[in-house]
file upload01.tsv (TSV, C-alpha atoms)
chain	number	residue	atom	x	y	z
A	1	MET	CA	-8.91	-23.25	29.45
A	2	ASN	CA	-11.85	-22.35	27.18
A	3	VAL	CA	-11.31	-23.94	23.75
A	4	ASN	CA	-12.30	-20.87	21.72
A	5	PHE	CA	-10.12	-18.61	23.82
A	6	LYS	CA	-7.15	-20.95	23.40
A	7	LYS	CA	-7.84	-21.03	19.65
A	8	ALA	CA	-8.03	-17.22	19.42
A	9	VAL	CA	-4.74	-16.90	21.30
A	10	SER	CA	-3.01	-19.73	19.40
A	11	GLU	CA	-3.71	-17.97	16.10
A	12	VAL	CA	-1.39	-15.20	17.24
A	13	ILE	CA	1.18	-16.72	19.50
A	14	ASP	CA	2.79	-20.09	20.09
A	15	PHE	CA	3.13	-20.50	23.87
A	16	ASN	CA	5.07	-23.44	25.31
A	17	GLU	CA	3.51	-25.51	28.08
A	18	ALA	CA	4.95	-23.46	30.94
A	19	GLU	CA	3.78	-20.25	29.29
A	20	TRP	CA	0.26	-21.61	28.83
A	21	LEU	CA	0.19	-22.52	32.50
A	22	LEU	CA	1.33	-19.05	33.55
A	23	PHE	CA	-1.19	-17.50	31.21
A	24	SER	CA	-4.03	-19.72	32.52
A	25	GLU	CA	-3.23	-18.80	36.09
A	26	SER	CA	-3.42	-15.10	35.27
A	27	MET	CA	-7.07	-15.17	34.22
A	28	ILE	CA	-10.34	-15.52	36.04
A	29	ILE	CA	-13.72	-16.68	34.78
A	30	LYS	CA	-16.65	-14.51	35.78
A	31	HIS	CA	-20.39	-14.87	35.28
A	32	TYR	CA	-22.72	-11.91	34.85
A	33	LYS	CA	-26.48	-12.18	35.17
A	34	LYS	CA	-28.49	-10.31	32.54
A	35	GLY	CA	-28.41	-6.62	33.44
A	36	GLU	CA	-25.21	-6.76	35.52
A	37	TYR	CA	-22.29	-4.53	34.65
A	38	PHE	CA	-18.72	-5.29	33.63
A	39	LEU	CA	-18.14	-1.52	33.74
A	40	GLU	CA	-20.11	1.56	34.80
A	41	GLU	CA	-19.61	5.24	34.09
A	42	GLY	CA	-17.15	6.81	36.54
A	43	ASN	CA	-15.33	3.54	37.26
A	44	LEU	CA	-11.82	2.53	36.26
A	45	CYS	CA	-11.37	-0.23	33.70
A	46	ASN	CA	-8.55	-2.53	34.78
A	47	HIS	CA	-9.50	-5.67	32.89
A	48	VAL	CA	-9.55	-6.99	29.36
A	49	GLY	CA	-12.31	-9.53	28.76
A	50	PHE	CA	-13.09	-12.34	26.34
A	51	THR	CA	-16.71	-13.46	25.93
A	52	ILE	CA	-17.26	-17.20	26.36
A	53	LYS	CA	-21.07	-17.05	26.44
A	54	GLY	CA	-23.66	-14.31	26.03
A	55	ILE	CA	-23.80	-10.80	24.63
A	56	LEU	CA	-22.64	-7.55	26.22
A	57	GLY	CA	-23.61	-4.03	25.20
A	58	TYR	CA	-21.46	-0.89	25.24
A	59	TYR	CA	-23.39	2.34	25.73
A	60	TYR	CA	-23.27	5.94	26.87
A	61	LEU	CA	-25.95	7.41	29.13
A	62	ILE	CA	-26.76	10.91	27.89
A	63	ASN	CA	-29.48	12.89	29.67
A	64	GLY	CA	-30.92	9.66	31.00
A	65	VAL	CA	-31.06	7.99	27.58
A	66	GLU	CA	-28.94	4.94	26.70
A	67	HIS	CA	-27.01	5.40	23.45
A	68	MET	CA	-25.88	1.94	22.38
A	69	ARG	CA	-22.51	2.05	20.64
A	70	GLY	CA	-21.40	-1.55	20.37
A	71	PHE	CA	-22.12	-5.21	21.06
A	72	TYR	CA	-19.72	-7.95	22.14
A	73	PHE	CA	-20.59	-11.46	21.04
A	74	PRO	CA	-19.10	-14.87	22.01
A	75	ASN	CA	-15.38	-15.05	21.15
A	76	ASP	CA	-14.96	-11.27	21.10
A	77	PHE	CA	-12.34	-9.49	23.19
A	78	PHE	CA	-13.82	-6.51	25.05
A	79	SER	CA	-12.81	-3.66	27.33
A	80	ASN	CA	-13.04	0.11	27.53
A	81	TYR	CA	-9.54	0.07	26.18
A	82	LYS	CA	-9.04	3.84	26.18
A	83	CYS	CA	-9.71	3.95	29.93
A	84	PHE	CA	-7.65	0.80	30.40
A	85	LEU	CA	-4.65	2.47	28.72
A	86	LEU	CA	-5.04	5.92	30.26
A	87	ASN	CA	-6.25	4.93	33.75
A	88	ASN	CA	-9.21	7.22	33.13
A	89	LYS	CA	-12.67	6.88	34.58
A	90	SER	CA	-15.07	5.38	32.08
A	91	THR	CA	-17.65	7.55	30.34
A	92	ALA	CA	-19.42	4.43	29.09
A	93	TYR	CA	-21.18	1.34	30.44
A	94	ILE	CA	-20.54	-2.28	29.46
A	95	GLN	CA	-23.51	-4.42	30.51
A	96	ALA	CA	-24.56	-8.06	30.14
A	97	LEU	CA	-27.56	-8.11	27.79
A	98	GLU	CA	-28.14	-11.76	28.72
A	99	ASP	CA	-26.49	-14.16	31.19
A	100	CYS	CA	-22.79	-14.08	30.29
A	101	SER	CA	-19.60	-15.99	31.07
A	102	VAL	CA	-16.35	-14.18	30.39
A	103	ILE	CA	-12.63	-14.56	30.87
A	104	LEU	CA	-11.02	-11.55	32.56
A	105	ILE	CA	-7.34	-10.62	32.80
A	106	HIS	CA	-6.25	-7.80	35.10
A	107	LYS	CA	-3.83	-5.13	33.88
A	108	ASP	CA	-1.26	-6.15	36.53
A	109	GLU	CA	-1.35	-9.71	35.23
A	110	ILE	CA	-0.85	-8.47	31.66
A	111	ASN	CA	2.20	-6.49	32.80
A	112	MET	CA	3.52	-9.56	34.61
A	113	LEU	CA	2.97	-11.73	31.49
A	114	ASN	CA	4.74	-9.10	29.37
A	115	ASP	CA	7.73	-9.36	31.70
A	116	LYS	CA	7.81	-13.15	31.95
A	117	ILE	CA	6.85	-14.29	28.43
A	118	PRO	CA	9.16	-12.77	25.79
A	119	THR	CA	6.63	-13.02	22.95
A	120	PHE	CA	3.57	-11.95	24.94
A	121	HIS	CA	3.68	-8.46	23.40
A	122	LYS	CA	2.56	-10.05	20.10
A	123	LEU	CA	-0.76	-10.92	21.70
A	124	SER	CA	-1.22	-7.41	23.14
A	125	GLN	CA	-0.35	-5.89	19.76
A	126	ASN	CA	-2.70	-8.20	17.88
A	127	MET	CA	-5.58	-7.54	20.27
A	128	LEU	CA	-5.03	-3.80	20.04
A	129	GLU	CA	-4.92	-4.03	16.24
A	130	LYS	CA	-8.23	-5.90	16.25
A	131	ILE	CA	-10.03	-3.44	18.51
A	132	TYR	CA	-8.54	-0.51	16.56
A	133	ILE	CA	-9.79	-1.97	13.28
A	134	SER	CA	-13.20	-2.63	14.82
A	135	LEU	CA	-13.51	0.96	16.13
A	136	SER	CA	-12.23	2.34	12.86
A	137	GLU	CA	-14.82	0.36	10.88
A	138	LYS	CA	-17.54	1.53	13.25
A	139	PHE	CA	-16.42	5.13	12.76
A	140	GLU	CA	-16.46	4.74	8.96
A	141	LEU	CA	-19.85	3.04	9.01
A	142	PHE	CA	-21.39	5.97	10.86
A	143	PHE	CA	-20.11	8.44	8.30
A	144	LEU	CA	-20.25	6.49	5.07
A	145	LYS	CA	-23.34	4.32	5.38
A	146	THR	CA	-27.05	4.88	5.94
A	147	ALA	CA	-28.88	3.34	8.91
A	148	GLU	CA	-30.32	0.77	6.49
A	149	GLU	CA	-26.87	-0.24	5.25
A	150	ARG	CA	-25.59	-0.44	8.83
A	151	TYR	CA	-28.56	-2.64	9.76
A	152	PHE	CA	-27.80	-5.06	6.92
A	153	LYS	CA	-24.16	-5.23	7.88
A	154	LEU	CA	-25.14	-6.11	11.44
A	155	ILE	CA	-27.60	-8.86	10.51
A	156	SER	CA	-25.37	-10.29	7.80
A	157	GLU	CA	-22.49	-10.64	10.28
A	158	ARG	CA	-24.51	-12.01	13.21
A	159	PRO	CA	-27.85	-13.22	11.84
A	160	LYS	CA	-28.77	-15.43	14.80
A	161	LEU	CA	-27.26	-13.49	17.67
A	162	ILE	CA	-28.82	-10.23	16.61
A	163	GLN	CA	-32.28	-11.72	17.22
A	164	LYS	CA	-31.48	-11.92	20.92
A	165	ILE	CA	-30.98	-8.16	21.24
A	166	PRO	CA	-34.03	-5.95	22.01
A	167	GLN	CA	-35.13	-3.91	19.01
A	168	TYR	CA	-34.81	-0.57	20.84
A	169	MET	CA	-31.12	-1.32	21.48
A	170	ILE	CA	-30.47	-2.12	17.82
A	171	ALA	CA	-32.30	1.08	16.83
A	172	SER	CA	-30.19	3.06	19.31
A	173	TYR	CA	-27.02	1.47	17.89
A	174	LEU	CA	-28.08	2.47	14.38
A	175	GLY	CA	-28.88	6.00	15.53
A	176	ILE	CA	-32.57	5.75	14.60
A	177	THR	CA	-35.89	5.39	16.45
A	178	PRO	CA	-37.48	1.95	17.00
A	179	GLU	CA	-40.17	3.09	14.53
A	180	GLY	CA	-37.46	3.85	11.95
A	181	LEU	CA	-36.04	0.36	12.45
A	182	SER	CA	-39.51	-1.18	11.97
A	183	ARG	CA	-39.86	0.72	8.70
A	184	ILE	CA	-36.47	-0.57	7.47
A	185	LYS	CA	-37.44	-4.13	8.38
A	186	LYS	CA	-40.84	-3.82	6.66
A	187	ARG	CA	-39.35	-2.28	3.51
A	188	THR	CA	-36.87	-5.09	3.20
A	189	SER	CA	-38.81	-8.13	4.42
B	1	MET	CA	17.18	13.02	12.16
B	2	ASN	CA	14.44	15.51	12.97
B	3	VAL	CA	14.77	16.61	16.63
B	4	ASN	CA	11.05	16.35	17.47
B	5	PHE	CA	10.79	12.93	15.86
B	6	LYS	CA	13.80	11.70	17.81
B	7	LYS	CA	12.26	13.13	20.99
B	8	ALA	CA	8.88	11.44	20.30
B	9	VAL	CA	10.62	8.12	19.72
B	10	SER	CA	13.01	8.47	22.67
B	11	GLU	CA	10.08	8.91	25.04
B	12	VAL	CA	9.08	5.33	24.25
B	13	ILE	CA	12.23	3.43	23.45
B	14	ASP	CA	15.92	3.63	24.21
B	15	PHE	CA	17.76	2.73	20.99
B	16	ASN	CA	21.53	2.26	21.03
B	17	GLU	CA	23.64	4.00	18.39
B	18	ALA	CA	23.52	1.14	15.87
B	19	GLU	CA	19.75	0.88	16.27
B	20	TRP	CA	19.29	4.62	15.71
B	21	LEU	CA	21.36	4.33	12.55
B	22	LEU	CA	19.30	1.42	11.26
B	23	PHE	CA	16.11	3.28	12.15
B	24	SER	CA	17.31	6.48	10.42
B	25	GLU	CA	18.15	4.57	7.27
B	26	SER	CA	14.65	3.08	7.14
B	27	MET	CA	12.86	6.40	6.80
B	28	ILE	CA	12.49	8.94	4.05
B	29	ILE	CA	11.62	12.63	4.20
B	30	LYS	CA	8.97	13.79	1.79
B	31	HIS	CA	7.57	17.21	0.98
B	32	TYR	CA	3.99	17.79	-0.10
B	33	LYS	CA	2.81	21.03	-1.69
B	34	LYS	CA	-0.51	22.36	-0.41
B	35	GLY	CA	-3.28	20.27	-1.99
B	36	GLU	CA	-1.10	17.21	-2.71
B	37	TYR	CA	-2.12	13.82	-1.34
B	38	PHE	CA	-0.39	11.42	1.03
B	39	LEU	CA	-3.28	9.04	0.31
B	40	GLU	CA	-6.28	8.94	-2.01
B	41	GLU	CA	-9.45	6.84	-1.96
B	42	GLY	CA	-8.88	3.46	-3.63
B	43	ASN	CA	-5.14	3.39	-2.94
B	44	LEU	CA	-3.21	1.17	-0.57
B	45	CYS	CA	-1.62	2.72	2.50
B	46	ASN	CA	1.83	1.23	3.05
B	47	HIS	CA	3.42	4.02	5.10
B	48	VAL	CA	3.22	5.48	8.56
B	49	GLY	CA	4.03	9.18	8.66
B	50	PHE	CA	5.21	11.77	11.18
B	51	THR	CA	4.53	15.44	10.49
B	52	ILE	CA	7.61	17.67	10.71
B	53	LYS	CA	5.97	20.78	9.23
B	54	GLY	CA	2.48	21.68	8.08
B	55	ILE	CA	-1.04	20.36	8.55
B	56	LEU	CA	-2.73	17.43	6.82
B	57	GLY	CA	-6.45	16.72	6.65
B	58	TYR	CA	-8.22	13.35	6.72
B	59	TYR	CA	-11.54	13.25	4.90
B	60	TYR	CA	-14.11	11.11	3.13
B	61	LEU	CA	-15.60	12.14	-0.21
B	62	ILE	CA	-19.34	11.35	-0.11
B	63	ASN	CA	-21.47	12.29	-3.13
B	64	GLY	CA	-18.84	14.80	-4.18
B	65	VAL	CA	-18.73	16.50	-0.77
B	66	GLU	CA	-15.63	16.41	1.46
B	67	HIS	CA	-16.40	15.26	5.01
B	68	MET	CA	-13.42	16.24	7.12
B	69	ARG	CA	-12.76	13.74	9.89
B	70	GLY	CA	-9.37	14.66	11.30
B	71	PHE	CA	-6.34	16.94	11.20
B	72	TYR	CA	-2.68	16.04	11.66
B	73	PHE	CA	-0.47	18.77	13.11
B	74	PRO	CA	3.33	19.00	13.51
B	75	ASN	CA	4.70	16.15	15.65
B	76	ASP	CA	1.67	13.92	15.03
B	77	PHE	CA	1.98	10.38	13.71
B	78	PHE	CA	-0.44	9.75	10.84
B	79	SER	CA	-1.62	7.00	8.51
B	80	ASN	CA	-4.81	5.27	7.45
B	81	TYR	CA	-3.84	2.67	9.94
B	82	LYS	CA	-6.81	0.36	9.32
B	83	CYS	CA	-5.83	0.05	5.64
B	84	PHE	CA	-2.18	-0.22	6.64
B	85	LEU	CA	-2.97	-3.21	8.88
B	86	LEU	CA	-5.48	-4.93	6.60
B	87	ASN	CA	-3.88	-4.17	3.21
B	88	ASN	CA	-7.24	-2.68	2.21
B	89	LYS	CA	-7.82	0.09	-0.28
B	90	SER	CA	-8.44	3.39	1.45
B	91	THR	CA	-11.94	4.85	1.65
B	92	ALA	CA	-10.47	8.15	2.81
B	93	TYR	CA	-8.10	10.88	1.62
B	94	ILE	CA	-5.15	12.35	3.51
B	95	GLN	CA	-4.19	15.68	1.96
B	96	ALA	CA	-1.68	18.45	2.70
B	97	LEU	CA	-3.71	21.51	3.77
B	98	GLU	CA	-0.54	23.61	3.50
B	99	ASP	CA	3.03	22.88	2.36
B	100	CYS	CA	4.14	19.93	4.49
B	101	SER	CA	7.32	18.02	5.32
B	102	VAL	CA	6.88	14.55	6.72
B	103	ILE	CA	8.89	11.50	7.70
B	104	LEU	CA	7.62	8.29	6.10
B	105	ILE	CA	8.41	4.69	7.00
B	106	HIS	CA	7.32	1.87	4.71
B	107	LYS	CA	5.60	-1.23	6.10
B	108	ASP	CA	8.47	-3.46	4.85
B	109	GLU	CA	10.96	-1.33	6.77
B	110	ILE	CA	8.84	-1.60	9.92
B	111	ASN	CA	8.82	-5.39	9.55
B	112	MET	CA	12.59	-5.36	9.03
B	113	LEU	CA	13.06	-3.16	12.13
B	114	ASN	CA	10.81	-5.49	14.15
B	115	ASP	CA	13.09	-8.37	13.16
B	116	LYS	CA	16.39	-6.61	13.78
B	117	ILE	CA	15.69	-4.48	16.88
B	118	PRO	CA	14.40	-6.61	19.78
B	119	THR	CA	12.57	-3.73	21.51
B	120	PHE	CA	11.14	-2.13	18.37
B	121	HIS	CA	7.69	-3.62	19.05
B	122	LYS	CA	7.39	-1.18	21.98
B	123	LEU	CA	7.35	1.71	19.52
B	124	SER	CA	4.74	0.03	17.30
B	125	GLN	CA	2.59	-0.73	20.34
B	126	ASN	CA	2.91	2.81	21.69
B	127	MET	CA	2.06	4.37	18.34
B	128	LEU	CA	-0.96	2.11	17.96
B	129	GLU	CA	-2.09	2.94	21.50
B	130	LYS	CA	-1.85	6.66	20.70
B	131	ILE	CA	-3.83	6.44	17.47
B	132	TYR	CA	-6.39	4.17	19.16
B	133	ILE	CA	-6.85	6.65	22.00
B	134	SER	CA	-7.13	9.51	19.52
B	135	LEU	CA	-9.80	7.71	17.45
B	136	SER	CA	-11.62	6.64	20.57
B	137	GLU	CA	-11.73	10.23	21.88
B	138	LYS	CA	-12.95	11.44	18.49
B	139	PHE	CA	-15.70	8.80	18.56
B	140	GLU	CA	-16.76	9.85	22.08
B	141	LEU	CA	-16.68	13.54	21.18
B	142	PHE	CA	-19.10	12.98	18.33
B	143	PHE	CA	-21.58	11.21	20.59
B	144	LEU	CA	-21.17	12.99	23.90
B	145	LYS	CA	-20.47	16.60	22.96
B	146	THR	CA	-22.24	19.32	21.01
B	147	ALA	CA	-20.64	20.97	17.97
B	148	GLU	CA	-19.91	23.99	20.20
B	149	GLU	CA	-18.11	21.86	22.79
B	150	ARG	CA	-16.14	20.12	20.05
B	151	TYR	CA	-15.16	23.50	18.61
B	152	PHE	CA	-13.83	24.68	21.97
B	153	LYS	CA	-11.87	21.49	22.44
B	154	LEU	CA	-10.25	21.98	19.04
B	155	ILE	CA	-9.28	25.62	19.58
B	156	SER	CA	-8.14	25.04	23.17
B	157	GLU	CA	-5.79	22.27	22.02
B	158	ARG	CA	-4.42	24.00	18.91
B	159	PRO	CA	-5.23	27.72	19.23
B	160	LYS	CA	-2.69	28.94	16.69
B	161	LEU	CA	-2.67	26.09	14.20
B	162	ILE	CA	-6.43	26.03	13.91
B	163	GLN	CA	-6.36	29.53	12.43
B	164	LYS	CA	-4.54	28.16	9.40
B	165	ILE	CA	-7.39	25.81	8.48
B	166	PRO	CA	-10.19	27.12	6.22
B	167	GLN	CA	-13.45	27.67	8.12
B	168	TYR	CA	-15.46	25.36	5.86
B	169	MET	CA	-13.12	22.48	6.74
B	170	ILE	CA	-13.48	23.12	10.48
B	171	ALA	CA	-17.27	23.28	10.04
B	172	SER	CA	-17.20	19.98	8.13
B	173	TYR	CA	-15.08	18.41	10.88
B	174	LEU	CA	-17.61	19.56	13.49
B	175	GLY	CA	-20.48	18.25	11.40
B	176	ILE	CA	-22.12	21.66	10.98
B	177	THR	CA	-22.50	24.23	8.19
B	178	PRO	CA	-20.05	27.15	7.85
B	179	GLU	CA	-22.98	29.39	8.89
B	180	GLY	CA	-23.45	27.28	12.03
B	181	LEU	CA	-19.77	27.71	12.82
B	182	SER	CA	-20.05	31.51	12.36
B	183	ARG	CA	-22.95	31.57	14.80
B	184	ILE	CA	-20.94	29.61	17.42
B	185	LYS	CA	-18.01	32.01	16.99
B	186	LYS	CA	-20.26	35.07	17.27
B	187	ARG	CA	-22.07	33.76	20.35
B	188	THR	CA	-18.81	33.13	22.12
B	189	SER	CA	-16.61	36.02	20.97

call {"tool": "encode", "arguments": {"input": "upload01.tsv", "output": "structure tokens"}}
result
Amino acid sequence: MNVNFKKAVSEVIDFNEAEWLLFSESMIIKHYKKGEYFLEEGNLCNHVGFTIKGILGYYYLINGVEHMRGFYFPNDFFSNYKCFLLNNKSTAYIQALEDCSVILIHKDEINMLNDKIPTFHKLSQNMLEKIYISLSEKFELFFLKTAEERYFKLISERPKLIQKIPQYMIASYLGITPEGLSRIKKRTS
Amino acid sequence: MNVNFKKAVSEVIDFNEAEWLLFSESMIIKHYKKGEYFLEEGNLCNHVGFTIKGILGYYYLINGVEHMRGFYFPNDFFSNYKCFLLNNKSTAYIQALEDCSVILIHKDEINMLNDKIPTFHKLSQNMLEKIYISLSEKFELFFLKTAEERYFKLISERPKLIQKIPQYMIASYLGITPEGLSRIKKRTS
């Protein structure tokens, strides 16, 4: 099992050996080439993922324009969790922005693990808390901070990884034009 | 115990009599006069609430201007759940928009219930799923829909209750001016 994934899980829950084995058997490792999709608009989202390698982007396509709304970096959990919970078709895309390796667990496997491992719900709860906090912070950032402040938050959190993402995607994420992003970078360089 | 609260809980979890008693004893009922606060900026949020009567508003105060970001109606769970989880000071206000009665449960009581009632985590998980879905829908609405579409969603979901909320608060929630809201209402009346 991937070391970082095991570490992330172990911080929340203390599986015994048999439980680790069951858990390991429930997951698959998948590789996406740059540009391939974990999820497309109109599809169901039946998996929760964990990024081992690479960066994924979460965006909406509105009138033919990509509106980037989030990035998933190595050691992040990811999913369109609303669709996952509601069995709804996705309104968003999750795409590999570079070659990626991820761990995927299917909803049926999560239900099975919930039945078979008495403490498994702690992991589900913790993961949901993390993605709720992340969405909540994103929501606050959009309302309380300027594009410039949001840019600094992004580069301060992920200084190296952010350099791998095309500028137009970062601009889209910040809700500004690529020219606006260039101006922010010039002003502050 | 309030009938609607018991119903909302019973849909998720099947407490026995002793568990219901323990649960009942863990909650308090509180009344807020119109204008009073459940939560103010800079304060900790140690309670989860359930609205029995009245409407509460969730807003940020930015440069002296209220930016309304959500409403809680009867039979809604409410909290600043991010602050609740992280023990952070709130950046938002939750205020009674009319005289309200609510059920409150303190974080310590929730921890106690989690220890004493083996299935209690199902309720926590369900509540978190609901507030995650609600925030996620709100986030999508802001990016995928126009102010007019958001207005129709609001009045179609809560046609009667929405009439009790001042127009300037609804306009703020939709991210438009009160004049903009008047124009939408005129165009569509």

call {"tool": "residues_around", "arguments": {"input": "upload01.tsv", "residues": "Cys100 (chain A)", "least_positions_apart": "2", "cutoff": "9 Å", "atoms": "only C-alpha atoms", "output": "PyMOL selection string"}}
result
chain A and resi 30-34+51-56+96-98+102

call {"tool": "residues_around", "arguments": {"input": "upload01.tsv", "residues": "Lys89 (chain A)", "least_positions_apart": "3", "cutoff": "12 Å", "atoms": "all atoms listed in the file", "output": "ChimeraX atom specification"}}
result
/A:39-46,80-86,92-93

call {"tool": "atom_distance", "arguments": {"input": "upload01.tsv", "atom1": "CA of Lys116 (chain B)", "atom2": "CA of Ser24 (chain B)"}}
result
13.5 Å

call {"tool": "interface_residues", "arguments": {"input": "upload01.tsv", "of": "chain A", "to": "chain B", "cutoff": "7 Å", "atoms": "only C-alpha atoms", "output": "ChimeraX atom specification"}}
result
/A:82,125,132-133,136,139

call {"tool": "atom_distance", "arguments": {"input": "upload01.tsv", "atom1": "CA of Met68 (chain A)", "atom2": "CA of Ser172 (chain A)"}}
result
5.4 Å

call {"tool": "decode", "arguments": {"input": "upload01.tsv", "residues": "region 91-166 of chain B", "atoms": "C-alpha atoms", "output": "JSON list (two decimals), in the first residue's frame"}}
result
[["chain", "number", "residue", "atom", "x", "y", "z"],
["B", 91, "THR", "CA", -15.51, 34.96, 10.45],
["B", 92, "ALA", "CA", -19.28, 35.02, 10.03],
["B", 93, "TYR", "CA", -22.43, 35.98, 11.94],
["B", 94, "ILE", "CA", -25.53, 33.86, 12.48],
["B", 95, "GLN", "CA", -28.43, 36.10, 13.49],
["B", 96, "ALA", "CA", -32.15, 35.66, 14.20],
["B", 97, "LEU", "CA", -34.02, 37.46, 11.40],
["B", 98, "GLU", "CA", -37.24, 37.06, 13.40],
["B", 99, "ASP", "CA", -38.05, 35.67, 16.86],
["B", 100, "CYS", "CA", -36.61, 32.15, 16.86],
["B", 101, "SER", "CA", -36.72, 29.00, 18.97],
["B", 102, "VAL", "CA", -33.92, 26.54, 18.46],
["B", 103, "ILE", "CA", -32.54, 23.31, 19.89],
["B", 104, "LEU", "CA", -28.83, 23.50, 20.72],
["B", 105, "ILE", "CA", -26.39, 20.70, 21.46],
["B", 106, "HIS", "CA", -22.93, 21.48, 22.79],
["B", 107, "LYS", "CA", -19.83, 19.85, 21.30],
["B", 108, "ASP", "CA", -19.01, 18.17, 24.65],
["B", 109, "GLU", "CA", -22.47, 16.59, 24.70],
["B", 110, "ILE", "CA", -22.00, 15.32, 21.14],
["B", 111, "ASN", "CA", -18.69, 13.73, 22.17],
["B", 112, "MET", "CA", -20.40, 12.18, 25.20],
["B", 113, "LEU", "CA", -23.23, 10.84, 23.01],
["B", 114, "ASN", "CA", -20.68, 9.42, 20.54],
["B", 115, "ASP", "CA", -19.09, 7.53, 23.44],
["B", 116, "LYS", "CA", -22.31, 6.28, 25.02],
["B", 117, "ILE", "CA", -24.52, 5.50, 22.00],
["B", 118, "PRO", "CA", -22.82, 3.07, 19.59],
["B", 119, "THR", "CA", -24.80, 4.21, 16.52],
["B", 120, "PHE", "CA", -24.70, 7.94, 17.26],
["B", 121, "HIS", "CA", -21.97, 8.49, 14.65],
["B", 122, "LYS", "CA", -24.59, 7.79, 11.97],
["B", 123, "LEU", "CA", -26.42, 10.96, 12.98],
["B", 124, "SER", "CA", -23.21, 13.03, 12.94],
["B", 125, "GLN", "CA", -22.29, 11.62, 9.54],
["B", 126, "ASN", "CA", -25.76, 12.24, 8.12],
["B", 127, "MET", "CA", -25.85, 15.81, 9.42],
["B", 128, "LEU", "CA", -22.41, 16.51, 7.99],
["B", 129, "GLU", "CA", -23.44, 15.01, 4.64],
["B", 130, "LYS", "CA", -26.49, 17.27, 4.57],
["B", 131, "ILE", "CA", -24.58, 20.46, 5.35],
["B", 132, "TYR", "CA", -21.85, 19.45, 2.88],
["B", 133, "ILE", "CA", -24.41, 18.91, 0.13],
["B", 134, "SER", "CA", -26.09, 22.21, 0.98],
["B", 135, "LEU", "CA", -22.80, 24.15, 0.84],
["B", 136, "SER", "CA", -21.79, 22.35, -2.32],
["B", 137, "GLU", "CA", -25.09, 23.26, -4.03],
["B", 138, "LYS", "CA", -24.69, 26.87, -2.90],
["B", 139, "PHE", "CA", -21.17, 26.93, -4.35],
["B", 140, "GLU", "CA", -22.41, 25.50, -7.68],
["B", 141, "LEU", "CA", -25.34, 27.91, -7.80],
["B", 142, "PHE", "CA", -23.02, 30.88, -7.51],
["B", 143, "PHE", "CA", -20.90, 29.69, -10.41],
["B", 144, "LEU", "CA", -23.40, 28.03, -12.71],
["B", 145, "LYS", "CA", -26.56, 30.11, -12.35],
["B", 146, "THR", "CA", -27.53, 33.72, -12.88],
["B", 147, "ALA", "CA", -28.95, 35.86, -10.06],
["B", 148, "GLU", "CA", -32.39, 35.41, -11.67],
["B", 149, "GLU", "CA", -32.08, 31.61, -11.65],
["B", 150, "ARG", "CA", -30.88, 31.67, -8.05],
["B", 151, "TYR", "CA", -33.85, 33.85, -7.10],
["B", 152, "PHE", "CA", -36.30, 31.38, -8.64],
["B", 153, "LYS", "CA", -34.66, 28.48, -6.89],
["B", 154, "LEU", "CA", -35.01, 30.29, -3.57],
["B", 155, "ILE", "CA", -38.68, 31.20, -4.00],
["B", 156, "SER", "CA", -39.61, 27.81, -5.46],
["B", 157, "GLU", "CA", -38.12, 26.05, -2.42],
["B", 158, "ARG", "CA", -39.47, 28.39, 0.26],
["B", 159, "PRO", "CA", -42.30, 30.41, -1.32],
["B", 160, "LYS", "CA", -43.93, 31.50, 1.94],
["B", 161, "LEU", "CA", -40.93, 31.84, 4.21],
["B", 162, "ILE", "CA", -39.01, 33.94, 1.74],
["B", 163, "GLN", "CA", -41.64, 36.67, 2.02],
["B", 164, "LYS", "CA", -40.61, 37.19, 5.64],
["B", 165, "ILE", "CA", -37.04, 38.14, 4.72],
["B", 166, "PRO", "CA", -36.26, 41.81, 3.94]]
